[in-house]
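Encoded as structure tokens, the structure appears first; notes follow it.
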Amino acid sequence: MQVPLRPAWLALSEHARSIKHRHLRELFAADQARFYRFSVQVDNFLLDYSKQRLDQHTMGLLRQLAEQAGLPTWMERMRNGEPINHTEGRAVRHADLRAGDAAPPEVKSVLARLAGFCEQIHSGQWRGFSGDRITHVVNIGIGGSDLGPRMAVRALGAFQQPDVTVHFVSNLDSADLASTLIHLNPRSTLFIVASKTFTTLETMANARTARNWVLAAAGNEQARKTSSNSGTGSAAASRCGRLSACR
């Protein structure tokens, strides 16, 4: 990615060359309030950047660069729901997921469907093709469709229900999926295929393998009870014979 050579960027480059040899001990000795000046705390989250090679001049140049790059304008456009994701022609909505009661109705609707889906799993309403309760959930995805759910599960591990175990498969290497399936029972396993377009090579290859694994034990119609999809590629997802509980 080519970075535009804005004046603030050139100034930052020159400044970086002059500050990179300064020791942190020197920076802390020169400013007794350095930790408080270069850290931010919101609720239980602390961002401490006082241990980086920067000073007040650095921060001023960074603010100038943000202004010259139009960052405030882009942030406002994002908050207004404008389609600033040019490659997909879509709005960037991740911040809305943290808006709580102020979230747009469409975001609340998706979160409500997601909560309902989870409740069906934990209550035993959603069962496998043989009527068994779901005890294992396998997320098949790559990139953000793998890292995002994986991080959420790890972060919320203390609240995880003991009756359902979550697994993640993202590698095209068949050994990744095989080493997961060998410990599972197709009668009590739910697969979630996470993809925006349902055209990603690794995801779809693993999804087909998982589907065939279930089909070998259940048959075509019954296999539909053990899969769900999460994404926006409705037509592609339907062609793969998956459900749309969380789309």
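Naming scheme: A, B, ... for chains in displayed order of the structure tokens; residues 1 onward per chain; ligands 1 onward as shown.
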
Which of range 9-239 of chain A DSSP labels strand (DSSP E or B), written as a PyMOL selection string: chain A and resi 39-42+45-48+85+90+127+133+136-140+165-169+189-194+227-230

Taking only residues of range 109-171 of chain A that have an atom at most 10 Å from an atom of range 210-218 of chain A, what is each one's shortest atom pair and its distance in Å to one decimal, using only C-alpha atoms, in chain and number order, as a tab-separated table?
residue	atom	partner	partner_atom	distance
A:Gly128	CA	A:Ala218	CA	9.7
A:Phe129	CA	A:Ala218	CA	6.8
A:Ser130	CA	A:Ala218	CA	7.9
A:Val138	CA	A:Ala210	CA	9.5
A:Ile140	CA	A:Ala210	CA	9.1

Using only C-alpha atoms, please write the residues we just selected to a file, as a PDB file, in the first residue's frame.
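Below is the file part.pdb, written as the result:
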ATOM      1  CA  GLY A 128     -28.940 -33.339  15.621  1.00  0.00           C
ATOM      2  CA  PHE A 129     -30.415 -35.485  12.858  1.00  0.00           C
ATOM      3  CA  SER A 130     -30.971 -38.399  15.259  1.00  0.00           C
ATOM      4  CA  VAL A 138     -17.556 -26.637  14.754  1.00  0.00           C
ATOM      5  CA  ILE A 140     -15.620 -23.466   9.635  1.00  0.00           C
TER       6      ILE A 140
END

What's the 10 Å shell around Arg6 in chain A, counting only C-alpha atoms, without same-chain residues fewer than 3 positions away, as a PyMOL selection string? chain A and resi 3+9-12+64-65+68-69

Considering only C-alpha atoms, give me a table of residues in range 92-144 of chain A that are at most 10 Å from range 152-176 of chain A, with the closest atom pair and distance in Å for each, as a tab-separated table.
residue	atom	partner	partner_atom	distance
A:Ile121	CA	A:Val164	CA	8.5
A:His122	CA	A:Val164	CA	7.6
A:Arg133	CA	A:Val164	CA	9.4
A:Ile134	CA	A:Val164	CA	7.0
A:Thr135	CA	A:Val164	CA	4.5
A:His136	CA	A:Thr165	CA	4.8
A:Val137	CA	A:Val166	CA	4.8
A:Val138	CA	A:His167	CA	4.7
A:Asn139	CA	A:Phe168	CA	4.8
A:Ile140	CA	A:Val169	CA	5.0
A:Gly141	CA	A:Ser170	CA	5.3
A:Ile142	CA	A:Ser170	CA	5.0
A:Gly143	CA	A:Ser170	CA	8.0

Report as an mmCIF file with N, CA and C atoms, in the first residue's frame: the residues of range 17-237 of chain A with a DSSP assignment of helix (DSSP H, G or I), based on the backbone of this structure.
data_model
loop_
_atom_site.group_PDB
_atom_site.id
_atom_site.type_symbol
_atom_site.label_atom_id
_atom_site.label_comp_id
_atom_site.auth_asym_id
_atom_site.auth_seq_id
_atom_site.Cartn_x
_atom_site.Cartn_y
_atom_site.Cartn_z
ATOM 1 N N ARG A 17 13.402 9.444 12.948
ATOM 2 C CA ARG A 17 14.853 9.249 12.875
ATOM 3 C C ARG A 17 15.571 9.915 14.044
ATOM 4 N N SER A 18 15.010 11.019 14.536
ATOM 5 C CA SER A 18 15.670 11.748 15.624
ATOM 6 C C SER A 18 15.354 11.172 17.002
ATOM 7 N N ILE A 19 14.226 10.462 17.141
ATOM 8 C CA ILE A 19 13.824 9.981 18.466
ATOM 9 C C ILE A 19 14.109 8.503 18.683
ATOM 10 N N LEU A 24 14.081 4.862 26.858
ATOM 11 C CA LEU A 24 12.862 5.117 27.627
ATOM 12 C C LEU A 24 13.168 5.713 29.000
ATOM 13 N N ARG A 25 14.303 5.320 29.593
ATOM 14 C CA ARG A 25 14.663 5.897 30.886
ATOM 15 C C ARG A 25 14.834 7.408 30.783
ATOM 16 N N GLU A 26 15.405 7.836 29.675
ATOM 17 C CA GLU A 26 15.589 9.267 29.450
ATOM 18 C C GLU A 26 14.252 9.980 29.288
ATOM 19 N N LEU A 27 13.339 9.366 28.557
ATOM 20 C CA LEU A 27 12.028 9.968 28.328
ATOM 21 C C LEU A 27 11.230 10.069 29.630
ATOM 22 N N PHE A 28 11.313 9.018 30.479
ATOM 23 C CA PHE A 28 10.596 9.058 31.755
ATOM 24 C C PHE A 28 11.233 10.052 32.727
ATOM 25 N N ALA A 29 12.569 10.167 32.670
ATOM 26 C CA ALA A 29 13.251 11.115 33.553
ATOM 27 C C ALA A 29 12.918 12.554 33.188
ATOM 28 N N ALA A 30 12.675 12.792 31.903
ATOM 29 C CA ALA A 30 12.376 14.144 31.448
ATOM 30 C C ALA A 30 10.940 14.553 31.717
ATOM 31 N N ARG A 34 4.804 11.211 32.673
ATOM 32 C CA ARG A 34 4.738 10.575 31.349
ATOM 33 C C ARG A 34 3.668 9.492 31.274
ATOM 34 N N PHE A 35 3.590 8.637 32.295
ATOM 35 C CA PHE A 35 2.587 7.567 32.252
ATOM 36 C C PHE A 35 1.185 8.146 32.134
ATOM 37 N N TYR A 36 0.862 9.150 32.925
ATOM 38 C CA TYR A 36 -0.481 9.728 32.912
ATOM 39 C C TYR A 36 -0.736 10.510 31.621
ATOM 40 N N ARG A 37 0.340 11.074 31.057
ATOM 41 C CA ARG A 37 0.184 11.853 29.832
ATOM 42 C C ARG A 37 -0.024 10.966 28.607
ATOM 43 N N GLN A 56 5.479 14.636 23.232
ATOM 44 C CA GLN A 56 4.392 15.548 22.886
ATOM 45 C C GLN A 56 4.456 15.962 21.419
ATOM 46 N N HIS A 57 5.678 16.134 20.919
ATOM 47 C CA HIS A 57 5.824 16.514 19.509
ATOM 48 C C HIS A 57 5.307 15.405 18.598
ATOM 49 N N THR A 58 5.587 14.135 18.982
ATOM 50 C CA THR A 58 5.097 12.995 18.209
ATOM 51 C C THR A 58 3.573 13.029 18.112
ATOM 52 N N MET A 59 2.935 13.245 19.247
ATOM 53 C CA MET A 59 1.472 13.241 19.277
ATOM 54 C C MET A 59 0.906 14.378 18.433
ATOM 55 N N GLY A 60 1.565 15.525 18.467
ATOM 56 C CA GLY A 60 1.108 16.642 17.640
ATOM 57 C C GLY A 60 1.187 16.321 16.163
ATOM 58 N N LEU A 61 2.278 15.677 15.760
ATOM 59 C CA LEU A 61 2.434 15.306 14.357
ATOM 60 C C LEU A 61 1.409 14.241 13.952
ATOM 61 N N LEU A 62 1.122 13.312 14.847
ATOM 62 C CA LEU A 62 0.112 12.291 14.550
ATOM 63 C C LEU A 62 -1.265 12.913 14.377
ATOM 64 N N ARG A 63 -1.579 13.899 15.201
ATOM 65 C CA ARG A 63 -2.862 14.597 15.046
ATOM 66 C C ARG A 63 -2.914 15.356 13.722
ATOM 67 N N GLN A 64 -1.793 15.967 13.342
ATOM 68 C CA GLN A 64 -1.745 16.659 12.051
ATOM 69 C C GLN A 64 -1.961 15.682 10.898
ATOM 70 N N LEU A 65 -1.340 14.502 10.995
ATOM 71 C CA LEU A 65 -1.498 13.504 9.938
ATOM 72 C C LEU A 65 -2.953 13.050 9.838
ATOM 73 N N ALA A 66 -3.593 12.851 10.994
ATOM 74 C CA ALA A 66 -5.002 12.449 10.994
ATOM 75 C C ALA A 66 -5.870 13.498 10.321
ATOM 76 N N GLU A 67 -5.611 14.760 10.605
ATOM 77 C CA GLU A 67 -6.364 15.845 9.978
ATOM 78 C C GLU A 67 -6.118 15.892 8.478
ATOM 79 N N GLN A 68 -4.848 15.797 8.078
ATOM 80 C CA GLN A 68 -4.506 15.873 6.657
ATOM 81 C C GLN A 68 -5.052 14.681 5.871
ATOM 82 N N LEU A 71 -9.203 11.933 8.533
ATOM 83 C CA LEU A 71 -9.716 10.909 9.435
ATOM 84 C C LEU A 71 -11.019 11.315 10.127
ATOM 85 N N PRO A 72 -11.151 12.540 10.651
ATOM 86 C CA PRO A 72 -12.428 12.901 11.281
ATOM 87 C C PRO A 72 -13.627 12.782 10.341
ATOM 88 N N THR A 73 -13.413 13.159 9.073
ATOM 89 C CA THR A 73 -14.498 13.063 8.084
ATOM 90 C C THR A 73 -14.864 11.602 7.829
ATOM 91 N N TRP A 74 -13.843 10.751 7.685
ATOM 92 C CA TRP A 74 -14.110 9.332 7.442
ATOM 93 C C TRP A 74 -14.797 8.689 8.645
ATOM 94 N N MET A 75 -14.417 9.098 9.847
ATOM 95 C CA MET A 75 -15.074 8.561 11.047
ATOM 96 C C MET A 75 -16.548 8.962 11.078
ATOM 97 N N GLU A 76 -16.825 10.196 10.700
ATOM 98 C CA GLU A 76 -18.209 10.661 10.677
ATOM 99 C C GLU A 76 -19.013 9.921 9.622
ATOM 100 N N ARG A 77 -18.406 9.685 8.456
ATOM 101 C CA ARG A 77 -19.088 8.936 7.405
ATOM 102 C C ARG A 77 -19.386 7.501 7.854
ATOM 103 N N MET A 78 -18.443 6.903 8.600
ATOM 104 C CA MET A 78 -18.676 5.561 9.113
ATOM 105 C C MET A 78 -19.846 5.567 10.086
ATOM 106 N N ARG A 79 -19.873 6.554 11.002
ATOM 107 C CA ARG A 79 -20.959 6.632 11.981
ATOM 108 C C ARG A 79 -22.308 6.852 11.301
ATOM 109 N N HIS A 94 -19.076 -2.464 12.246
ATOM 110 C CA HIS A 94 -18.612 -3.158 13.444
ATOM 111 C C HIS A 94 -18.815 -2.329 14.710
ATOM 112 N N ALA A 95 -18.693 -1.004 14.603
ATOM 113 C CA ALA A 95 -18.869 -0.165 15.794
ATOM 114 C C ALA A 95 -20.309 -0.228 16.306
ATOM 115 N N ASP A 96 -21.265 -0.464 15.415
ATOM 116 C CA ASP A 96 -22.670 -0.550 15.833
ATOM 117 C C ASP A 96 -22.921 -1.717 16.779
ATOM 118 N N LEU A 97 -22.081 -2.755 16.685
ATOM 119 C CA LEU A 97 -22.265 -3.917 17.549
ATOM 120 C C LEU A 97 -21.985 -3.578 19.005
ATOM 121 N N ARG A 98 -21.273 -2.471 19.236
ATOM 122 C CA ARG A 98 -20.956 -2.073 20.602
ATOM 123 C C ARG A 98 -21.797 -0.878 21.051
ATOM 124 N N GLY A 100 -24.935 -0.833 21.999
ATOM 125 C CA GLY A 100 -25.951 -1.114 23.015
ATOM 126 C C GLY A 100 -27.339 -0.708 22.556
ATOM 127 N N ASP A 101 -28.053 0.023 23.421
ATOM 128 C CA ASP A 101 -29.419 0.437 23.106
ATOM 129 C C ASP A 101 -29.470 1.423 21.941
ATOM 130 N N ALA A 102 -28.337 2.063 21.641
ATOM 131 C CA ALA A 102 -28.307 3.037 20.552
ATOM 132 C C ALA A 102 -28.041 2.396 19.193
ATOM 133 N N PRO A 105 -31.795 -0.500 14.318
ATOM 134 C CA PRO A 105 -32.731 -1.630 14.404
ATOM 135 C C PRO A 105 -32.239 -2.887 13.714
ATOM 136 N N GLU A 106 -31.567 -2.738 12.536
ATOM 137 C CA GLU A 106 -31.126 -3.927 11.826
ATOM 138 C C GLU A 106 -30.044 -4.674 12.597
ATOM 139 N N VAL A 107 -29.218 -3.935 13.352
ATOM 140 C CA VAL A 107 -28.194 -4.576 14.172
ATOM 141 C C VAL A 107 -28.843 -5.310 15.347
ATOM 142 N N LYS A 108 -29.811 -4.663 15.981
ATOM 143 C CA LYS A 108 -30.523 -5.303 17.087
ATOM 144 C C LYS A 108 -31.234 -6.569 16.615
ATOM 145 N N SER A 109 -31.756 -6.537 15.388
ATOM 146 C CA SER A 109 -32.460 -7.696 14.855
ATOM 147 C C SER A 109 -31.511 -8.883 14.688
ATOM 148 N N VAL A 110 -30.308 -8.619 14.152
ATOM 149 C CA VAL A 110 -29.334 -9.697 13.964
ATOM 150 C C VAL A 110 -28.891 -10.253 15.308
ATOM 151 N N LEU A 111 -28.633 -9.367 16.272
ATOM 152 C CA LEU A 111 -28.211 -9.819 17.600
ATOM 153 C C LEU A 111 -29.305 -10.651 18.273
ATOM 154 N N ALA A 112 -30.562 -10.256 18.053
ATOM 155 C CA ALA A 112 -31.674 -11.012 18.628
ATOM 156 C C ALA A 112 -31.759 -12.408 18.015
ATOM 157 N N ARG A 113 -31.565 -12.501 16.683
ATOM 158 C CA ARG A 113 -31.577 -13.817 16.033
ATOM 159 C C ARG A 113 -30.428 -14.677 16.535
ATOM 160 N N LEU A 114 -29.272 -14.040 16.734
ATOM 161 C CA LEU A 114 -28.107 -14.763 17.235
ATOM 162 C C LEU A 114 -28.371 -15.300 18.637
ATOM 163 N N ALA A 115 -28.953 -14.465 19.498
ATOM 164 C CA ALA A 115 -29.277 -14.902 20.860
ATOM 165 C C ALA A 115 -30.298 -16.038 20.840
ATOM 166 N N GLY A 116 -31.296 -15.927 19.960
ATOM 167 C CA GLY A 116 -32.297 -16.981 19.847
ATOM 168 C C GLY A 116 -31.697 -18.289 19.373
ATOM 169 N N PHE A 117 -30.768 -18.198 18.435
ATOM 170 C CA PHE A 117 -30.089 -19.383 17.916
ATOM 171 C C PHE A 117 -29.314 -20.077 19.035
ATOM 172 N N CYS A 118 -28.569 -19.293 19.823
ATOM 173 C CA CYS A 118 -27.807 -19.870 20.937
ATOM 174 C C CYS A 118 -28.733 -20.520 21.953
ATOM 175 N N GLU A 119 -29.859 -19.875 22.218
ATOM 176 C CA GLU A 119 -30.811 -20.417 23.182
ATOM 177 C C GLU A 119 -31.367 -21.751 22.712
ATOM 178 N N GLN A 120 -31.609 -21.879 21.404
ATOM 179 C CA GLN A 120 -32.101 -23.151 20.867
ATOM 180 C C GLN A 120 -31.085 -24.270 21.078
ATOM 181 N N ILE A 121 -29.806 -23.940 20.941
ATOM 182 C CA ILE A 121 -28.767 -24.954 21.142
ATOM 183 C C ILE A 121 -28.708 -25.381 22.602
ATOM 184 N N HIS A 122 -28.639 -24.402 23.500
ATOM 185 C CA HIS A 122 -28.457 -24.715 24.922
ATOM 186 C C HIS A 122 -29.703 -25.343 25.548
ATOM 187 N N SER A 123 -30.863 -24.988 25.024
ATOM 188 C CA SER A 123 -32.095 -25.549 25.585
ATOM 189 C C SER A 123 -32.399 -26.940 25.046
ATOM 190 N N GLY A 144 -11.206 -13.346 9.135
ATOM 191 C CA GLY A 144 -12.093 -12.774 10.137
ATOM 192 C C GLY A 144 -13.231 -13.695 10.528
ATOM 193 N N SER A 145 -13.584 -14.626 9.642
ATOM 194 C CA SER A 145 -14.644 -15.587 9.953
ATOM 195 C C SER A 145 -14.160 -16.690 10.879
ATOM 196 N N ASP A 146 -12.850 -16.703 11.138
ATOM 197 C CA ASP A 146 -12.271 -17.656 12.092
ATOM 198 C C ASP A 146 -11.740 -16.921 13.321
ATOM 199 N N LEU A 147 -10.944 -15.881 13.104
ATOM 200 C CA LEU A 147 -10.284 -15.195 14.214
ATOM 201 C C LEU A 147 -11.284 -14.481 15.118
ATOM 202 N N GLY A 148 -12.302 -13.841 14.529
ATOM 203 C CA GLY A 148 -13.287 -13.127 15.331
ATOM 204 C C GLY A 148 -14.029 -14.043 16.282
ATOM 205 N N PRO A 149 -14.688 -15.092 15.774
ATOM 206 C CA PRO A 149 -15.380 -16.032 16.674
ATOM 207 C C PRO A 149 -14.422 -16.721 17.650
ATOM 208 N N ARG A 150 -13.223 -17.051 17.176
ATOM 209 C CA ARG A 150 -12.260 -17.734 18.049
ATOM 210 C C ARG A 150 -11.872 -16.836 19.233
ATOM 211 N N MET A 151 -11.629 -15.558 18.955
ATOM 212 C CA MET A 151 -11.264 -14.623 20.021
ATOM 213 C C MET A 151 -12.425 -14.405 20.984
ATOM 214 N N ALA A 152 -13.650 -14.349 20.446
ATOM 215 C CA ALA A 152 -14.820 -14.148 21.306
ATOM 216 C C ALA A 152 -15.005 -15.330 22.252
ATOM 217 N N VAL A 153 -14.853 -16.536 21.721
ATOM 218 C CA VAL A 153 -15.004 -17.736 22.550
ATOM 219 C C VAL A 153 -13.930 -17.783 23.631
ATOM 220 N N ARG A 154 -12.712 -17.418 23.258
ATOM 221 C CA ARG A 154 -11.629 -17.434 24.244
ATOM 222 C C ARG A 154 -11.840 -16.362 25.313
ATOM 223 N N ALA A 155 -12.260 -15.172 24.886
ATOM 224 C CA ALA A 155 -12.448 -14.078 25.836
ATOM 225 C C ALA A 155 -13.583 -14.356 26.810
ATOM 226 N N GLY A 157 -14.593 -17.365 27.764
ATOM 227 C CA GLY A 157 -14.491 -18.752 28.211
ATOM 228 C C GLY A 157 -15.037 -18.989 29.609
ATOM 229 N N ALA A 158 -14.920 -17.989 30.482
ATOM 230 C CA ALA A 158 -15.397 -18.152 31.861
ATOM 231 C C ALA A 158 -16.911 -18.288 31.933
ATOM 232 N N PHE A 159 -17.596 -17.856 30.876
ATOM 233 C CA PHE A 159 -19.061 -17.901 30.865
ATOM 234 C C PHE A 159 -19.601 -19.019 29.979
ATOM 235 N N SER A 174 -6.391 -31.109 5.049
ATOM 236 C CA SER A 174 -7.457 -31.996 5.533
ATOM 237 C C SER A 174 -7.178 -32.533 6.924
ATOM 238 N N ALA A 175 -5.920 -32.517 7.332
ATOM 239 C CA ALA A 175 -5.589 -33.023 8.662
ATOM 240 C C ALA A 175 -6.200 -32.163 9.754
ATOM 241 N N ASP A 176 -6.387 -30.876 9.488
ATOM 242 C CA ASP A 176 -6.966 -29.977 10.488
ATOM 243 C C ASP A 176 -8.392 -30.395 10.810
ATOM 244 N N LEU A 177 -9.198 -30.592 9.782
ATOM 245 C CA LEU A 177 -10.581 -31.013 10.000
ATOM 246 C C LEU A 177 -10.645 -32.448 10.503
ATOM 247 N N ALA A 178 -9.824 -33.318 9.945
ATOM 248 C CA ALA A 178 -9.856 -34.730 10.335
ATOM 249 C C ALA A 178 -9.512 -34.907 11.813
ATOM 250 N N SER A 179 -8.528 -34.135 12.292
ATOM 251 C CA SER A 179 -8.134 -34.273 13.697
ATOM 252 C C SER A 179 -9.208 -33.760 14.636
ATOM 253 N N THR A 180 -10.104 -32.915 14.122
ATOM 254 C CA THR A 180 -11.242 -32.437 14.924
ATOM 255 C C THR A 180 -12.377 -33.454 14.902
ATOM 256 N N LEU A 181 -12.708 -33.945 13.719
ATOM 257 C CA LEU A 181 -13.845 -34.856 13.577
ATOM 258 C C LEU A 181 -13.630 -36.191 14.264
ATOM 259 N N PRO A 186 -21.227 -37.426 14.714
ATOM 260 C CA PRO A 186 -22.067 -36.661 13.784
ATOM 261 C C PRO A 186 -23.499 -36.468 14.276
ATOM 262 N N ARG A 187 -23.949 -37.294 15.191
ATOM 263 C CA ARG A 187 -25.320 -37.186 15.697
ATOM 264 C C ARG A 187 -25.504 -36.026 16.678
ATOM 265 N N SER A 188 -24.399 -35.499 17.201
ATOM 266 C CA SER A 188 -24.510 -34.430 18.194
ATOM 267 C C SER A 188 -23.581 -33.264 17.875
ATOM 268 N N LEU A 201 -12.254 -20.605 -1.039
ATOM 269 C CA LEU A 201 -11.819 -21.967 -1.355
ATOM 270 C C LEU A 201 -11.673 -22.827 -0.103
ATOM 271 N N GLU A 202 -10.907 -22.346 0.884
ATOM 272 C CA GLU A 202 -10.645 -23.156 2.073
ATOM 273 C C GLU A 202 -11.929 -23.464 2.834
ATOM 274 N N THR A 203 -12.770 -22.439 2.984
ATOM 275 C CA THR A 203 -14.008 -22.631 3.741
ATOM 276 C C THR A 203 -14.925 -23.633 3.069
ATOM 277 N N MET A 204 -15.116 -23.479 1.757
ATOM 278 C CA MET A 204 -16.054 -24.358 1.060
ATOM 279 C C MET A 204 -15.543 -25.791 0.954
ATOM 280 N N ALA A 205 -14.218 -25.947 0.817
ATOM 281 C CA ALA A 205 -13.665 -27.305 0.773
ATOM 282 C C ALA A 205 -13.892 -28.015 2.100
ATOM 283 N N ASN A 206 -13.645 -27.309 3.198
ATOM 284 C CA ASN A 206 -13.879 -27.909 4.518
ATOM 285 C C ASN A 206 -15.359 -28.149 4.762
ATOM 286 N N ALA A 207 -16.216 -27.236 4.282
ATOM 287 C CA ALA A 207 -17.660 -27.398 4.467
ATOM 288 C C ALA A 207 -18.158 -28.639 3.729
ATOM 289 N N ARG A 208 -17.656 -28.864 2.524
ATOM 290 C CA ARG A 208 -18.071 -30.058 1.759
ATOM 291 C C ARG A 208 -17.620 -31.340 2.471
ATOM 292 N N THR A 209 -16.405 -31.312 3.012
ATOM 293 C CA THR A 209 -15.900 -32.486 3.728
ATOM 294 C C THR A 209 -16.754 -32.773 4.959
ATOM 295 N N ALA A 210 -17.088 -31.717 5.683
ATOM 296 C CA ALA A 210 -17.915 -31.875 6.879
ATOM 297 C C ALA A 210 -19.301 -32.397 6.511
ATOM 298 N N ARG A 211 -19.859 -31.863 5.442
ATOM 299 C CA ARG A 211 -21.191 -32.303 5.005
ATOM 300 C C ARG A 211 -21.179 -33.781 4.620
ATOM 301 N N ASN A 212 -20.137 -34.196 3.889
ATOM 302 C CA ASN A 212 -20.039 -35.604 3.505
ATOM 303 C C ASN A 212 -19.888 -36.500 4.725
ATOM 304 N N TRP A 213 -19.197 -36.000 5.747
ATOM 305 C CA TRP A 213 -19.024 -36.752 6.993
ATOM 306 C C TRP A 213 -20.374 -37.000 7.664
ATOM 307 N N VAL A 214 -21.221 -35.980 7.651
ATOM 308 C CA VAL A 214 -22.555 -36.124 8.236
ATOM 309 C C VAL A 214 -23.431 -37.005 7.349
ATOM 310 N N LEU A 215 -23.345 -36.776 6.030
ATOM 311 C CA LEU A 215 -24.169 -37.560 5.103
ATOM 312 C C LEU A 215 -23.914 -39.052 5.237
ATOM 313 N N ALA A 216 -22.660 -39.404 5.493
ATOM 314 C CA ALA A 216 -22.319 -40.821 5.613
ATOM 315 C C ALA A 216 -23.066 -41.470 6.774
ATOM 316 N N ALA A 217 -23.438 -40.665 7.756
ATOM 317 C CA ALA A 217 -24.126 -41.213 8.933
ATOM 318 C C ALA A 217 -25.619 -40.953 8.925
ATOM 319 N N ALA A 218 -26.055 -39.931 8.140
ATOM 320 C CA ALA A 218 -27.444 -39.488 8.284
ATOM 321 C C ALA A 218 -28.273 -39.523 7.019
ATOM 322 N N ASN A 220 -29.108 -37.237 3.209
ATOM 323 C CA ASN A 220 -29.156 -35.843 2.759
ATOM 324 C C ASN A 220 -30.098 -34.955 3.559
ATOM 325 N N GLU A 221 -31.356 -35.329 3.686
ATOM 326 C CA GLU A 221 -32.327 -34.469 4.353
ATOM 327 C C GLU A 221 -32.014 -34.294 5.834
ATOM 328 N N GLN A 222 -31.636 -35.378 6.489
ATOM 329 C CA GLN A 222 -31.328 -35.292 7.903
ATOM 330 C C GLN A 222 -30.096 -34.439 8.160
ATOM 331 N N ALA A 223 -29.169 -34.386 7.201
ATOM 332 C CA ALA A 223 -27.930 -33.637 7.392
ATOM 333 C C ALA A 223 -28.198 -32.149 7.541
ATOM 334 N N ARG A 224 -29.312 -31.651 7.009
ATOM 335 C CA ARG A 224 -29.618 -30.232 7.101
ATOM 336 C C ARG A 224 -29.782 -29.778 8.552
ATOM 337 N N LYS A 225 -30.106 -30.710 9.431
ATOM 338 C CA LYS A 225 -30.290 -30.352 10.840
ATOM 339 C C LYS A 225 -28.968 -30.098 11.553
ATOM 340 N N THR A 226 -27.861 -30.450 10.926
ATOM 341 C CA THR A 226 -26.576 -30.345 11.602
ATOM 342 C C THR A 226 -25.693 -29.280 10.984
ATOM 343 N N SER A 234 -26.308 -15.503 0.221
ATOM 344 C CA SER A 234 -27.494 -16.339 0.357
ATOM 345 C C SER A 234 -27.599 -17.387 -0.741
ATOM 346 N N ALA A 235 -27.398 -16.978 -2.002
ATOM 347 C CA ALA A 235 -27.552 -17.917 -3.106
ATOM 348 C C ALA A 235 -26.516 -19.018 -3.032
ATOM 349 N N ALA A 236 -25.263 -18.623 -2.778
ATOM 350 C CA ALA A 236 -24.197 -19.620 -2.698
ATOM 351 C C ALA A 236 -24.424 -20.554 -1.529
ATOM 352 N N ALA A 237 -24.883 -20.016 -0.408
ATOM 353 C CA ALA A 237 -25.133 -20.846 0.770
ATOM 354 C C ALA A 237 -26.240 -21.840 0.482
#

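Note that the spacing between CA of Pro104 in chain A and CA of Ala194 in chain A amounts to 22.9 Å.
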